[in-house]
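Novice: Got a structure for you, protein38.txt, holding compact mmCIF, C-alpha atoms.
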```txt
# COMPACT_ATOMS: atom_id res chain seq x y z
CA MET A 299 62.23 26.80 -29.71
CA PHE A 300 64.88 28.97 -31.41
CA GLU A 301 64.04 27.56 -34.84
CA LYS A 302 60.40 28.47 -34.28
CA LEU A 303 61.41 32.01 -33.27
CA LYS A 304 63.46 32.39 -36.46
CA GLN A 305 60.46 31.31 -38.51
CA LEU A 306 58.25 33.82 -36.70
CA LYS A 307 60.77 36.59 -37.41
CA ASP A 308 60.70 35.71 -41.12
CA GLU A 309 56.90 35.68 -41.06
CA TYR A 310 56.85 39.04 -39.27
CA ASP A 311 59.16 40.58 -41.89
CA ASP A 312 56.99 39.20 -44.68
CA LEU A 313 53.82 40.62 -43.10
CA THR A 314 55.51 43.98 -42.58
CA HIS A 315 56.49 44.03 -46.26
CA LYS A 316 52.92 43.21 -47.33
CA LEU A 317 51.43 45.90 -45.11
CA ALA A 318 53.85 48.46 -46.55
CA ASP A 319 52.56 47.75 -50.05
CA THR A 320 50.03 50.51 -50.85
CA SER A 321 48.03 48.17 -53.08
CA ILE A 322 46.93 46.21 -50.01
CA MET A 323 44.70 49.15 -49.05
CA THR A 324 42.30 48.13 -51.82
CA ASP A 325 41.58 44.92 -49.90
CA MET A 326 40.74 45.92 -46.33
CA SER A 327 39.91 42.35 -45.35
CA ALA A 328 43.41 41.17 -46.26
CA TYR A 329 44.97 44.24 -44.65
CA GLN A 330 43.18 43.62 -41.36
CA SER A 331 44.10 39.94 -41.45
CA TYR A 332 47.82 40.72 -41.99
CA ALA A 333 47.78 43.45 -39.33
CA LYS A 334 46.12 41.20 -36.78
CA LYS A 335 48.55 38.35 -37.42
CA ARG A 336 51.56 40.66 -37.15
CA SER A 337 50.32 42.16 -33.87
CA GLN A 338 49.88 38.64 -32.45
CA ILE A 339 53.47 37.57 -33.15
CA GLU A 340 55.08 40.98 -32.54
CA PRO A 341 55.75 40.44 -28.77
CA LEU A 342 57.67 37.25 -29.51
CA VAL A 343 59.58 38.77 -32.40
CA GLU A 344 60.63 41.72 -30.22
CA LYS A 345 61.88 39.33 -27.53
CA TRP A 346 63.76 37.31 -30.15
CA MET A 347 65.41 40.44 -31.59
CA GLU A 348 66.43 41.47 -28.09
CA TYR A 349 67.86 37.98 -27.54
CA GLU A 350 69.88 38.19 -30.76
CA GLY A 351 71.19 41.61 -29.69
CA ILE A 352 72.37 40.19 -26.35
CA GLU A 353 74.09 37.29 -28.15
CA GLN A 354 75.97 39.78 -30.34
CA GLU A 355 77.05 41.77 -27.28
CA ILE A 356 78.28 38.59 -25.58
CA SER A 357 80.23 37.72 -28.73
CA SER A 358 81.88 41.15 -28.73
CA CYS A 359 82.81 40.81 -25.05
CA ASN A 360 84.24 37.35 -25.67
CA SER A 361 86.55 38.81 -28.30
CA LEU A 362 88.02 41.13 -25.65
CA LEU A 363 88.93 38.19 -23.43
CA GLY A 364 91.69 37.31 -25.88
CA ASN A 365 93.60 40.43 -24.90
CA GLU A 366 96.14 38.97 -22.48
CA HIS A 367 97.95 42.30 -22.02
CA ASP A 368 95.08 44.26 -20.51
CA GLU A 369 93.79 42.54 -17.37
CA GLU A 370 91.47 45.40 -16.48
CA LEU A 371 89.78 45.17 -19.89
CA ARG A 372 89.39 41.42 -19.48
CA LYS A 373 87.76 41.91 -16.08
CA MET A 374 85.35 44.48 -17.50
CA ALA A 375 84.46 42.07 -20.29
CA LEU A 376 83.83 39.23 -17.84
CA ASP A 377 81.58 41.43 -15.69
CA GLU A 378 79.68 42.54 -18.78
CA ILE A 379 79.23 38.95 -19.94
CA GLU A 380 77.89 37.94 -16.52
CA GLY A 381 75.24 40.67 -16.67
CA LEU A 382 74.33 39.81 -20.27
CA GLU A 383 73.94 36.12 -19.44
CA GLU A 384 71.61 37.03 -16.59
CA ARG A 385 69.52 39.19 -18.92
CA LYS A 386 69.49 36.41 -21.48
CA GLY A 387 68.19 33.92 -18.88
CA VAL A 388 65.34 36.25 -17.95
CA LEU A 389 64.55 36.78 -21.62
CA ILE A 390 64.43 33.04 -22.34
CA LYS A 391 61.97 32.58 -19.48
CA GLN A 392 59.77 35.36 -20.86
CA ILE A 393 59.85 33.79 -24.32
CA GLU A 394 58.92 30.38 -22.90
CA ASP A 395 55.98 31.93 -21.03
CA ILE A 396 54.67 33.44 -24.27
CA LEU A 397 55.30 30.33 -26.38
CA MET A 398 53.89 27.89 -23.86
CA PRO A 399 51.02 29.55 -21.99
CA ASP A 400 49.04 27.64 -19.42
CA GLU A 401 46.54 25.52 -21.37
CA ASP A 402 43.90 26.61 -18.84
CA ALA A 403 44.82 30.31 -19.04
CA GLN A 404 41.42 31.20 -20.49
CA TYR A 405 39.88 30.04 -17.21
CA LYS A 406 42.25 32.08 -15.00
CA ASN A 407 39.55 34.31 -13.53
CA ARG A 408 36.56 32.03 -14.00
CA ASP A 409 34.40 30.90 -11.10
CA PHE A 410 34.31 27.18 -10.38
CA ILE A 411 32.64 24.52 -8.29
CA MET A 412 34.63 22.43 -5.82
CA GLU A 413 33.28 19.07 -4.67
CA ILE A 414 34.67 17.02 -1.79
CA ARG A 415 33.36 13.51 -1.18
CA ALA A 416 34.21 10.87 1.40
CA GLY A 417 35.73 7.77 -0.18
CA THR A 418 36.81 4.51 1.43
CA GLY A 419 37.28 4.40 5.18
CA GLY A 420 33.82 4.76 6.68
CA GLU A 421 33.28 7.51 9.23
CA GLU A 422 36.98 8.42 9.17
CA SER A 423 36.80 9.30 5.47
CA GLY A 424 33.91 11.65 6.26
CA LEU A 425 35.98 13.34 8.96
CA PHE A 426 38.87 13.68 6.51
CA ALA A 427 36.53 15.23 3.93
CA GLY A 428 35.61 17.76 6.60
CA ASP A 429 39.28 18.45 7.30
CA LEU A 430 39.92 19.06 3.60
CA PHE A 431 36.97 21.44 3.45
CA ARG A 432 38.32 23.43 6.39
CA MET A 433 41.80 23.49 4.80
CA TYR A 434 40.48 24.87 1.51
CA SER A 435 38.13 27.28 3.29
CA ARG A 436 41.01 28.84 5.20
CA TYR A 437 43.22 28.98 2.11
CA ILE A 438 40.44 30.69 0.13
CA GLN A 439 39.89 33.16 2.95
CA ASN A 440 43.64 33.87 3.22
CA MET A 441 43.80 34.55 -0.53
CA GLY A 442 40.90 36.99 -0.36
CA TRP A 443 38.62 34.92 -2.60
CA LYS A 444 34.93 34.22 -2.04
CA MET A 445 33.21 30.91 -1.47
CA ASP A 446 29.61 29.84 -1.07
CA VAL A 447 28.40 26.42 0.08
CA VAL A 448 25.98 24.95 -2.46
CA ASP A 449 25.13 21.64 -0.82
CA SER A 450 26.38 19.52 2.06
CA ASN A 451 25.66 16.14 3.53
CA PRO A 452 27.18 16.11 7.04
CA THR A 453 27.92 13.00 9.07
CA GLU A 454 26.80 12.54 12.66
CA ILE A 455 30.32 12.90 14.10
CA GLY A 456 31.29 16.15 12.38
CA GLY A 457 32.50 15.26 8.90
CA PHE A 458 30.91 15.26 5.48
CA LYS A 459 29.75 12.54 3.15
CA GLU A 460 29.80 15.27 0.53
CA ILE A 461 30.15 19.03 0.41
CA VAL A 462 29.88 21.23 -2.70
CA PHE A 463 30.82 24.91 -2.82
CA SER A 464 31.52 27.61 -5.38
CA VAL A 465 34.73 29.67 -5.49
CA GLU A 466 35.36 32.99 -7.18
CA GLY A 467 38.42 35.21 -7.24
CA GLU A 468 41.31 36.30 -9.43
CA ASN A 469 43.60 33.38 -10.32
CA ALA A 470 41.71 31.07 -7.94
CA TYR A 471 41.16 28.40 -10.59
CA ASN A 472 44.81 28.36 -11.66
CA CYS A 473 45.85 27.80 -8.05
CA LEU A 474 43.31 25.14 -7.09
CA LYS A 475 42.86 23.19 -10.34
CA PHE A 476 45.59 20.75 -9.29
CA GLU A 477 43.55 19.62 -6.26
CA SER A 478 41.34 17.34 -8.39
CA GLY A 479 41.95 13.71 -7.49
CA THR A 480 41.98 11.29 -4.59
CA HIS A 481 43.50 12.40 -1.30
CA ARG A 482 44.61 9.74 1.19
CA VAL A 483 45.00 10.17 4.93
CA GLN A 484 46.97 8.00 7.36
CA ARG A 485 46.25 8.59 11.05
CA VAL A 486 44.72 7.16 14.19
CA PRO A 487 40.94 7.79 13.95
CA ILE A 488 39.13 9.23 16.95
CA THR A 489 36.97 6.09 16.88
CA GLU A 490 40.04 3.79 17.15
CA THR A 491 40.61 2.52 20.69
CA GLY A 492 43.69 0.44 19.93
CA GLY A 493 45.85 3.29 18.66
CA ARG A 494 46.28 1.78 15.19
CA VAL A 495 46.93 3.97 12.14
CA HIS A 496 44.16 3.67 9.55
CA THR A 497 44.12 4.71 5.89
CA SER A 498 41.11 6.50 4.43
CA ALA A 499 40.41 8.54 1.32
CA ALA A 500 38.36 11.45 0.03
CA THR A 501 38.01 12.80 -3.50
CA VAL A 502 38.14 16.37 -4.75
CA ALA A 503 36.80 17.61 -8.10
CA ILE A 504 37.11 21.05 -9.70
CA LEU A 505 34.36 22.04 -12.17
CA ILE A 506 34.54 25.31 -14.13
CA GLU A 507 31.32 27.29 -14.24
CA PRO A 508 30.50 27.67 -17.95
CA GLU A 509 29.43 30.87 -19.65
CA ASP A 510 25.94 30.93 -21.14
CA VAL A 511 27.32 30.56 -24.67
CA GLU A 512 29.40 27.51 -23.77
CA ILE A 513 26.66 25.09 -22.80
CA GLU A 514 22.91 24.93 -23.36
CA VAL A 515 20.61 23.26 -20.85
CA ARG A 516 17.08 22.80 -22.17
CA GLN A 517 14.26 23.02 -19.68
CA GLU A 518 12.50 20.02 -21.26
CA ASP A 519 15.56 17.88 -20.44
CA LEU A 520 15.22 18.52 -16.71
CA ARG A 521 13.23 16.75 -14.01
CA ILE A 522 12.95 18.88 -10.87
CA ASP A 523 11.85 17.41 -7.55
CA VAL A 524 11.39 19.23 -4.24
CA TYR A 525 11.49 17.67 -0.80
CA ARG A 526 12.08 18.51 2.84
CA SER A 527 15.62 19.21 3.97
CA THR A 528 17.42 16.79 6.25
CA GLY A 529 20.42 17.12 8.52
CA ALA A 530 21.64 20.18 10.39
CA GLY A 531 19.44 23.23 10.06
CA GLY A 532 17.70 23.98 13.34
CA GLN A 533 13.99 24.67 13.48
CA HIS A 534 13.66 25.03 9.70
CA VAL A 535 14.59 21.40 9.00
CA ASN A 536 11.72 19.18 7.77
CA THR A 537 9.18 22.02 7.94
CA THR A 538 9.10 23.11 4.27
CA ASP A 539 9.78 21.53 0.89
CA SER A 540 12.83 23.72 0.22
CA ALA A 541 15.36 21.10 -0.90
CA VAL A 542 15.73 20.65 -4.66
CA ARG A 543 16.85 17.71 -6.78
CA ILE A 544 17.48 18.32 -10.50
CA THR A 545 17.97 15.42 -12.91
CA HIS A 546 19.34 16.03 -16.39
CA VAL A 547 17.52 13.19 -18.13
CA PRO A 548 19.71 12.81 -21.27
CA SER A 549 22.94 12.42 -19.29
CA GLY A 550 21.58 11.05 -16.01
CA VAL A 551 23.44 13.71 -14.01
CA VAL A 552 21.69 14.40 -10.69
CA VAL A 553 22.29 17.46 -8.51
CA THR A 554 20.76 18.22 -5.12
CA CYS A 555 20.80 21.36 -3.00
CA GLN A 556 19.30 21.88 0.44
CA ASP A 557 21.69 24.37 1.99
CA GLU A 558 19.34 27.37 1.70
CA ARG A 559 15.94 27.81 3.35
CA SER A 560 14.54 29.13 0.08
CA GLN A 561 13.51 26.65 -2.61
CA HIS A 562 14.23 29.32 -5.23
CA LYS A 563 17.83 29.79 -3.99
CA ASN A 564 18.40 26.04 -3.78
CA LYS A 565 17.20 25.62 -7.35
CA ALA A 566 19.52 28.40 -8.58
CA LYS A 567 22.50 26.83 -6.82
CA ALA A 568 21.65 23.35 -8.09
CA MET A 569 21.45 24.67 -11.66
CA LYS A 570 24.88 26.23 -11.25
CA VAL A 571 26.37 22.87 -10.26
CA LEU A 572 24.48 21.01 -12.98
CA ARG A 573 25.81 23.31 -15.68
CA ALA A 574 29.35 22.92 -14.34
CA ARG A 575 29.11 19.12 -14.36
CA LEU A 576 27.66 19.03 -17.86
CA PHE A 577 30.40 21.39 -19.06
CA ALA A 578 33.06 19.13 -17.54
CA HIS A 579 31.56 16.07 -19.27
CA ALA A 580 31.45 17.91 -22.59
CA GLU A 581 35.10 18.94 -22.28
CA GLU A 582 36.23 15.42 -21.42
CA LYS A 583 34.33 14.05 -24.40
CA GLN A 584 35.85 16.57 -26.81
CA GLN A 585 39.38 16.34 -25.46
CA SER A 586 40.29 12.93 -24.09
CA GLU A 587 43.86 14.13 -23.57
CA PHE A 588 43.32 17.78 -22.69
CA SER A 589 46.47 18.25 -20.61
CA ASN A 590 48.64 16.83 -17.86
CA VAL A 591 46.36 18.52 -15.36
CA ARG A 592 43.32 16.67 -16.72
CA LYS A 593 45.06 13.36 -16.01
CA LEU A 594 44.82 14.25 -12.32
CA GLN A 595 41.03 14.33 -12.30
CA VAL A 596 39.05 12.57 -9.63
CA GLY A 597 38.69 8.79 -9.85
CA THR A 598 36.65 6.33 -7.85
CA GLY A 599 37.75 7.42 -4.39
CA ASP A 600 39.54 4.17 -3.69
CA ARG A 601 42.62 4.26 -1.46
CA SER A 602 44.88 2.95 -4.25
CA GLU A 603 44.09 5.92 -6.53
CA LYS A 604 45.95 8.73 -4.83
CA ILE A 605 47.46 12.04 -5.83
CA ARG A 606 48.42 13.04 -2.30
CA THR A 607 48.96 11.45 1.12
CA TYR A 608 48.46 13.18 4.46
CA ASN A 609 50.49 11.26 7.07
CA TYR A 610 49.67 12.56 10.54
CA PRO A 611 52.13 10.42 12.59
CA GLN A 612 55.01 11.80 10.50
CA ASN A 613 53.54 15.32 10.13
CA ARG A 614 54.11 14.78 6.40
CA ILE A 615 52.17 15.63 3.25
CA THR A 616 53.33 14.06 -0.04
CA ASP A 617 52.14 14.92 -3.53
CA HIS A 618 52.85 11.78 -5.55
CA ARG A 619 52.56 13.47 -8.95
CA ILE A 620 55.64 15.61 -8.41
CA GLY A 621 57.34 13.62 -5.64
CA LEU A 622 57.20 16.49 -3.14
CA SER A 623 57.08 15.84 0.61
CA LEU A 624 56.62 18.64 3.13
CA TYR A 625 56.97 18.01 6.85
CA LYS A 626 54.52 20.63 8.07
CA LEU A 627 51.18 18.93 7.76
CA GLU A 628 49.58 20.87 10.61
CA ILE A 629 50.42 24.20 9.00
CA ILE A 630 49.11 23.09 5.61
CA MET A 631 45.87 21.74 7.08
CA ASP A 632 45.43 25.17 8.64
CA GLY A 633 45.18 26.63 5.13
CA ASP A 634 48.80 27.40 4.19
CA LEU A 635 48.85 25.79 0.74
CA ASN A 636 51.13 28.31 -0.92
CA GLU A 637 54.27 26.16 -1.12
CA MET A 638 52.38 23.13 -2.44
CA VAL A 639 50.48 25.20 -5.01
CA ALA A 640 53.67 26.93 -6.21
CA ALA A 641 55.43 23.57 -6.65
CA LEU A 642 52.53 22.13 -8.69
CA VAL A 643 52.33 25.23 -10.90
CA GLN A 644 56.07 25.07 -11.55
CA ALA A 645 55.99 21.33 -12.28
CA ALA A 646 53.18 21.83 -14.80
CA LYS A 647 55.14 24.61 -16.47
CA GLU A 648 58.27 22.45 -16.72
CA GLN A 649 56.23 19.60 -18.16
CA ARG A 650 54.79 21.89 -20.84
CA ALA A 651 58.31 23.04 -21.72
CA GLU A 652 59.45 19.42 -22.01
CA ASP A 653 56.47 18.50 -24.17
CA ASN A 654 57.17 21.40 -26.52
CA LYS A 655 60.84 20.56 -27.12
```
Step by step, read the file and then write its structure as structure tokens.
Specialist:
Amino acid sequence: MFEKLKQLKDEYDDLTHKLADTSIMTDMSAYQSYAKKRSQIEPLVEKWMEYEGIEQEISSCNSLLGNEHDEELRKMALDEIEGLEERKGVLIKQIEDILMPDEDAQYKNRDFIMEIRAGTGGEESGLFAGDLFRMYSRYIQNMGWKMDVVDSNPTEIGGFKEIVFSVEGENAYNCLKFESGTHRVQRVPITETGGRVHTSAATVAILIEPEDVEIEVRQEDLRIDVYRSTGAGGQHVNTTDSAVRITHVPSGVVVTCQDERSQHKNKAKAMKVLRARLFAHAEEKQQSEFSNVRKLQVGTGDRSEKIRTYNYPQNRITDHRIGLSLYKLEIIMDGDLNEMVAALVQAAKEQRAEDNK
């Protein structure tokens, strides 16, 4: 890292020298290019110069420690060194943050789609999917973000075979992007009469909503079907053809939406999900090894593919990617995800630092 900073300082000095040359004004394109490059690296160079200044101050203080005849001076030097070392530690962290930004930083304030699907485990997996939905709903509400259910397929006993919803809010994506993957639950199902602990699974996927310029969906590539809604919905169920199914023929991606009474609204929501799924596929195709976070993406939903285990008998939740276990499952399921999210964000940051050594 320090070698890179030295190189940036040399580059900065060279650019400054070029910009000071009056002849450069005859080539405005070159001038603008040099000025832009210098402004981009200037924050790092300033931090590096501050770091070098602190190192020089520490060196000066260290020279005073050799004075064995003035104990008061030695104590002052030691106190000064302690403060300088603290400043240096803060500065190093700031430099690391600039050098190694979150690879998903450009999506920090982007809206996204969250999908939760029941995996293995029958009815119990559907109930667990419902529990996950309630957990995320409460967390989103606590954080002051907005969510909107796009589509849901409820089970008869209160869970979900699948539920899809959109999320918007500042920094929401950066907090929830680590939830993609297979979640496993260990507990006694309400349908179990013998008191045995069962294991079930549900999958979670996070899909960024693309901007218009990022993905093009041609109307001629779509097949749109309408049908009557099913499931919960009161007197409006099965009375109008309001549900919408959109098939993107080239990719085979199918999206359904029946959550709204209006066919127009269902179509708009379905298109939002379709674009997000197509964008995710395009990203995966372009970058097979996008980041450590991408390796956590949702798999098949099988019990053996897990990123996290929710153990109700032990009141324990364990994230297997970072080896963190918290013994407050009830609190977390009530929407308090802050400690888990903070640990995942920190682990990702440390991994980036390790990868950039």
Novice: Near A:Glu340, within 12 Å and counting all atoms listed in the file, which residues show up once chain neighbours fewer than 3 positions away are dropped, as number ranges by chain?
Specialist: A: 303, 306-311, 313-314, 332-337, 343-347, 393, 396
Novice: How many Å lie between atom CA of A:Asp409 and atom CA of A:Glu558, rounded to one decimal?
Specialist: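 Pair atom CA of A:Asp409 / atom CA of A:Glu558 returns 20.1 Å.
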Novice: My list of candidates is A:Leu624, A:Cys555, A:Ile390, A:Trp443. Which is closest to A:Glu348 when distances are computed with all atoms listed in the file?
Specialist: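 For A:Glu348, the nearest of the given residues is A:Ile390.
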Novice: For a cut-off of 12 Å around (29.2, 10.8, 7.9), file coordinates, pick out all residues using only C-alpha atoms and list them as an MDAnalysis selection string.
Specialist: chainID A and resid 415:428 450:461 529
Novice: Check the smallest atom-to-atom distance from each of A:Leu376, A:Leu430, A:Leu474, A:Val465 to A:Gly633 using all atoms listed in the file, then report the winner.
Specialist: A:Leu430
Novice: Compare A:Ala566, A:Glu477, A:Ser549, A:Ser435 by their minimum atom-to-atom distance to A:Ala580, counting only C-alpha atoms, and give me the closest one.
Specialist: A:Ser549
Novice: Calculated over only C-alpha atoms, which of the candidates A:Asp449, A:Asp429, A:Glu378, A:Glu301 has the smallest distance to A:Glu413?
Specialist: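 Of A:Asp449, A:Asp429, A:Glu378, A:Glu301, the one nearest A:Glu413, counting only C-alpha atoms, is A:Asp449.
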Novice: Go ahead and compute the interatomic distance for atom CA of A:Tyr608 and atom CA of A:Tyr471, in Å to one decimal.
Specialist: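 These two atoms are separated by 22.6 Å.
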Novice: Interatomic distance between atom CA of A:Met638 and atom CA of A:His481?
Specialist: 14.0 Å
Novice: Pick the closest to A:Ser498 from A:Ser357, A:Ser478, A:Gln392, A:Thr607: which is it, counting only C-alpha atoms?
Specialist: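 Looking only at the distances to A:Ser498, the closest residue turns out to be A:Thr607.
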Novice: Hey, which of A:Asp519, A:Arg482, A:Val542, A:Ala574 ends up closest to A:Glu507? Count only C-alpha atoms.
Specialist: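 Between A:Asp519, A:Arg482, A:Val542, A:Ala574, the residue approaching A:Glu507 most closely is A:Ala574.
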